[in-house]
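In what follows, a single structure is set out as C-alpha cells and then discussed.
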Amino acid sequence: MEPDEELGQITDEIYANGDENKQRHRPIISGEQLDIEAYAALYSGRTKITRLLFIADRCGNSSMQLEALRMAYDEIKKGENTQLFREVVQKIDGCLSGNYGPDPAWADAVDRRAEMRKEKLENELNAYRTNLIKESIRMGYNDFGDYYYAHGQLGEAFKNYVRTRDYCTTAKHIIHMCLNAILVSIEMGQFTHVTSYVSKAEQSQDALDAVTVAKLRCAAGVANLEAKKYKLAARKFLEVGPELGNNYTEVIAPQDVATYGGLCALASFDRGELKAIIQYSFIDNINFRNFLELVPEIRELIHDFYTSHYASCLEYLGNLKANLMLDIHLHDHVETLYDQIRSKALIQYTHPFVSVDLNMMANAFKTSVAGLEKELEALITDNQIQARIDSHNKILYARHADQRNATFQKVLQTGKEFDRDVRSMLLRANLLKHEYILKTSRKH
Amino acid sequence: MNLNMNSMESLLAQIQALSSTASDQAQLHSFLKQSEELLHSDFSLLFSSLPQLDPSQHSLGFLYILEACTIFPVAKEQINELLVPIAKFINLCDVEQIRMAPDKFITLCKRFKELVISLEAPIRGVASMLTAIRKLQSSSEQLTTLHADFLLLCILAKCYKTGISVLEDDIYETDQPRDYFLYCYYGGMVCIGQKQFLKALELLHNVVTAPMSTLNAIAIEAYKKYILVSLIHLGQFSTSFPKYTSSVAQRNLKNYCQPYLELSNSYGTGKISELETFVQTNQEKFETDNNLGLVMQVVSSMYKRNIQRLTQTYLTLSLQDIANTVQLRGPKEAEMHVLQMIEDGQIYATINQKDGMVRFLEDPEQYKTCGMIEHIDSSIKRLMVLSKKLTSMDELMSCDPMYLGKVGKERQRFDFDDFDGVPQKFTI
C-alpha cells in the first residue's frame with residue numbers, strides 16, 4: 001500500500017471515527033415492527049398475558065393492538081382467570097371477528113368450578129389443621145396460593161404463599177416458598193418484596209441448584225432495575241448462569257437478560273468494568289455470551305460502544321427503542337438509560353483529546369453542531385467533562401485544572417472561613433456567658 | 001427660685017473646685033448623684049450656667065448638667081441651641097471623667113441622636129457619635145450601646161463609608177444581646193449600602209445564628225436580608241442552619257420569611273422570566289418590608305450569574321448567543337452586561353466588536369506576586385492571633401468557677417449513673 005494512500009485512509013477513519021470504513025458484517029437491524037407472535041412465544045403463564053396486554057395498551061397501532069389482544073384472549077381461555085377475561089373482552093369490544101366475544105357460558109362454568117374447588121380446598125385445609133400435620137398444612141396453603149394466583153387474586157395468593165413459611169421443614173420448602181413469593185411480587189409490581197425474598201432464598205443452608213441461582217439472579221436484577229439501581233441490576237444480570245435456559249419463562253426470557261443487562265451495563269459501568277464484560281463475554285466464552293448471542297443487536301451495540309463506533313451504537317439503540325418501550329419492565333427506564341449511555345459516549349469521545357473539532361464530533365454522533373453544543377454545555381455544567389467550547393471556531397478544548405492555583409484559592413478561602421467562624425464563635429460564647437451570669441444573678 | 005439659684009451657684013463652685021484630681025472627682029461624683037433633684041428643676045437656669053464650665057476640664061459636672069438639660073421637652077427652634085453644646089462637649093470632654101458616669105454619657109448621646117433625627121438632619125450627628133464611641137470604649141474590641149445608634153445615623157445619612165470604618169474593628173466583647181443584634185443588623189445594612197456583600201453576609205449571619213431564647217423581630221428582618229444578600233453574592237441559598245443556631249430560630253424563622261424562601265427557590269431554577277413574574281406578583285410584600293431594592297438586585301444578579309456560568313463552558317461565544325441563553329433583549333444589551341462585569345472584575349474576558357464575539361479568559365491571578373505573598377502572610381499572622389485568643393478564652397472558661405460549678409453538677413449526675421451500672425458481685 002502506498003504510504004500516502006494509507007495516510008489518507010487513516011484520516012478518513014478519524015473523520016468517520018472508524019465507522020463506515022471497516023464495514024464489519026452487520027446483522028440485520030430489527031427496525032421493523034415487533035413480531036408479537038415470536039415475542040409471546042418466549043413467555044409463559046400470567047406474564048405472557050400481562051405483556052400482551054401491555055403491548056396492546058402502548059403500541060398505538062390498531063392492527064398490532066388487536067393482534068395482541070387476540071393472543072391474550074386465547075391465552076386466558078387456557079387458564080381460569082375470569083376477571084382478566086372480562087377486561088380483555090371489553091377491550092376487544094367486538095372488533096375481532098370469530099369467537100372472540102364475551103363467552104358467558106365458559107366464564108360461568110369456570111367460576112362455578114372455582115367456587116367448588118375453593119370449598120374443597122378449605123375443607124382439606126381445616127382437616128389438616130385439626131390433625132396438625134405440618135407438611136399437609138403447608139401443602140394446603142400452597143394449594144390455596146396456587147388457586148388464588150390462577151384466578152388473578154395476587155394479594156391473596158401472596159399471603160397464602162407466605163403463610164406456608166411457618167410450616168416449612170426443609171430448605172427446599174423455603175426456596176419453593178421464596179420463589180412463589182417472588183413470582184407473585186413481580187406480577188404485583190412490589191419490587192421491594194422481591195429483593196427481600198431473593199436474599200432470604202440466598203441465605204438458605206443447602207447449596208442451591210444452578211437453575212434456582214439463575215432464577216434468583218434474574219429476579220434480583222429486575223428488582224434493582226425497577227428501583228433505578230442500574231449498576232446493581234447490571235451486575236445481577238451478568239451473573240445469571242446459562243442454566244437459566246427456558247426455565248423461568250413465567251418471569252423473564254433469556255433474551256431479556258441480555259437486553260436488560262447489556263443496557264444497564266452500558267449506562268452505569270465505567271470503561272474498565274465494561275472491558276471486563278467484553279472479555280468475559282466475547283473472549284472467555286462464559287455465561288453472558290450465550291445470552292448476548294440471542295440478541296445480536298445488543299451484542300453489536302456493546303461492541304460498538306466499546307470500540308468507540310458511537311454512531312453505529314446509537315443507531316442500534318435508536319432502532320431498538322420502539323420495541324423496548326413495549327417491554328413491561330424496561331419501558332419506564334428506557335429514556336434514562338439512553339440518556340446515560342449517550343452522555344457516557346460523549347464523555348468518552350472527548351476524554352483522550354486536547355482539542356476536538358465539533359464538526360467531526362457531530363458527524364461521529366450523527367447530530368448537528370448546535371445540538372451537540374447544547375449537550376456538551378449541559379455535561380460541562382455538570383462537571384462531567386472538563387473542557388470549554390470555542391463556539392466561534394467550533395472546537396472543544398480540554399481544560400486542565402491548575403492544581404497550584406486551585407490550592408491557593410482553596411487555602412485563602414478556608415482561611416477566610418476560619419477567621420469568620422472563630423470570630424462569631426467568640427461572640428456567641430460571650431453572649432452565652434452573659435446570659436448565664438444574668439440568670440444566676442437573678443436567682444440569688 | 002432664689003434658693004435654686006443659690007444652690008446652683010454652690011454646685012457650680014463645687015464642680016469647678018473638685019475637677020482636678022481623681023479622688024476629688026470621686027467625691028464630686030457622689031455629690032452630683034445627691035443633687036439629682038436640683039438638676040431636674042429648671043431648664044433655663046441649667047442651660048445658662050453651662051458657659052461657666054469648661055467641657056474639657058469639668059467634664060463630669062458638665063455631663064450631669066447637660067444630661068439634665070436634655071430631659072426637658074424642647075421646642076423645635078431650640079433644638080439647634082442644644083445640639084451645638086452637646087456636639088462640642090462630646091468633642092472636648094475628658095475620657096477619664098465621662099467613664100465615671102457611662103450611663104449618663106450614653107443617655108446623653110442617645111438623646112442627641114433622637115434630637116438629630118427629629119431635626120431630620122442625621123448627618124450632623126455622625127461625626128460626634130463616632131467620637132463618643134471611641135471615648136466610651138476601653139478597647140476597640142468592645143461593643144458599646146452607642147454602636148447601633150451610630151450605625152443607624154450612618155444609614156439615615158447614607159454615610160456608609162464612615163459606618164464601615166467602625167465595622168472594620170473586630171468586636172469580641174459584648175454583653176447586651178440587644179446591642180449586639182442591632183449592631184449586626186444595622187452593620188449589615190451599611191455594608192449592603194456599600195456593596196460589601198461578603199461582610200454584610202457575615203454580620204447578618206451572626207444575627208441569625210446568635211443564641212436567643214425567644215424569637216425577635218431583628219432576627220427575622222435580618223434573615224430576610226440574609227436570604228437576599230446570599231442570592232446576590234453567592235447565587236444560592238441553603239435553607240439549612242448551622243447546628244449552633246438556637247433551636248428557636250431553627251424552628252420558627254422560616255415561617256416568617258415564606259416569600260423570600262420561595263424567591264430563592266425560583267432563583268434556583270435559573271429561569272429569569274419565572275423569577276421576574278414571581279417578583280411582580282409578590283411586589284407588595286417586598287415593598288412593605290422595604291426590601292424591594294434588594295430584590296431587584298437579586299433579579300439583576302441572575303443575569304450575571306448566568307453569564308458567569310457561560311464562562312465555565314465556553315472559550316468564545318457570540319454576543320447574540322449570550323443574549324439568547326441569558327434571555328437578554330439583544331446583542332447590544334449583552335455587550336453592556338459583559339462590559340460591566342469585566343469592569344467589576346467578575347469575569348475575565350475580551351470583547352471583539354468586529355465579529356461580535358466574546359472571548360472568555362482564565363483568571364489571570366497566578367499567586368506569584370509579592371503582594372499576594374504578603375497578603376497570605378498577613379492572613380496567617382491574623383489567624384495565629386485569633387487562635388491564640390481562642391485558646392486563652394478556652395483556658396479562661398475552664399478555670400471559671402461558675403462554669404465549673406455548672407458542668408460539675410451535670411458530671412456528678414453522670415457519674416452516679418455510671419456507678420449504678422456496676423454489677424453487684426463486684427462490690428461484694
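Residues in the C-alpha cells are named by chain (A, B, ... in the order shown) and by number from 1 within that chain; ligands are numbered from 1 in the order shown.
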Mind the document's chain letters and residue numbers, and return as a PyMOL selection string the residues of stretch 30-245 of chain A that DSSP labels helix (DSSP H, G or I).
-> chain A and resi 36-41+45-58+62-78+82-92+104-131+134-150+154-167+171-188+191-202+210-226+230-239+242-244
What residues in chain B lie within 7 Å of chain A, counting only C-alpha atoms, written as JSON, numbers by chain?
-> {"B": [172, 173, 174, 175, 177, 206, 210, 211, 312, 313, 314, 315, 316, 317, 366, 367, 383]}
Near A:Leu232, within 8 Å and counting only C-alpha atoms, which residues show up once chain neighbours fewer than 6 positions away are dropped, as a list in words?
-> Gly221, Asn224 and Leu225 of chain A
Using only C-alpha atoms, the shortest atom-to-atom distance to B:Leu310 among B:Leu66, B:Val358, B:Val248, B:Met336 belongs to B:Val358
Near stretch 45-53 of chain B, counting only C-alpha atoms, which residues have an atom at most 9 Å away, once you skip same-chain residues fewer than 5 positions from it, shown as a PyMOL selection string?
-> chain B and resi 4-5+8-9+12+15-16+39-40+58-59+61-62+65-66+68-69+82+85
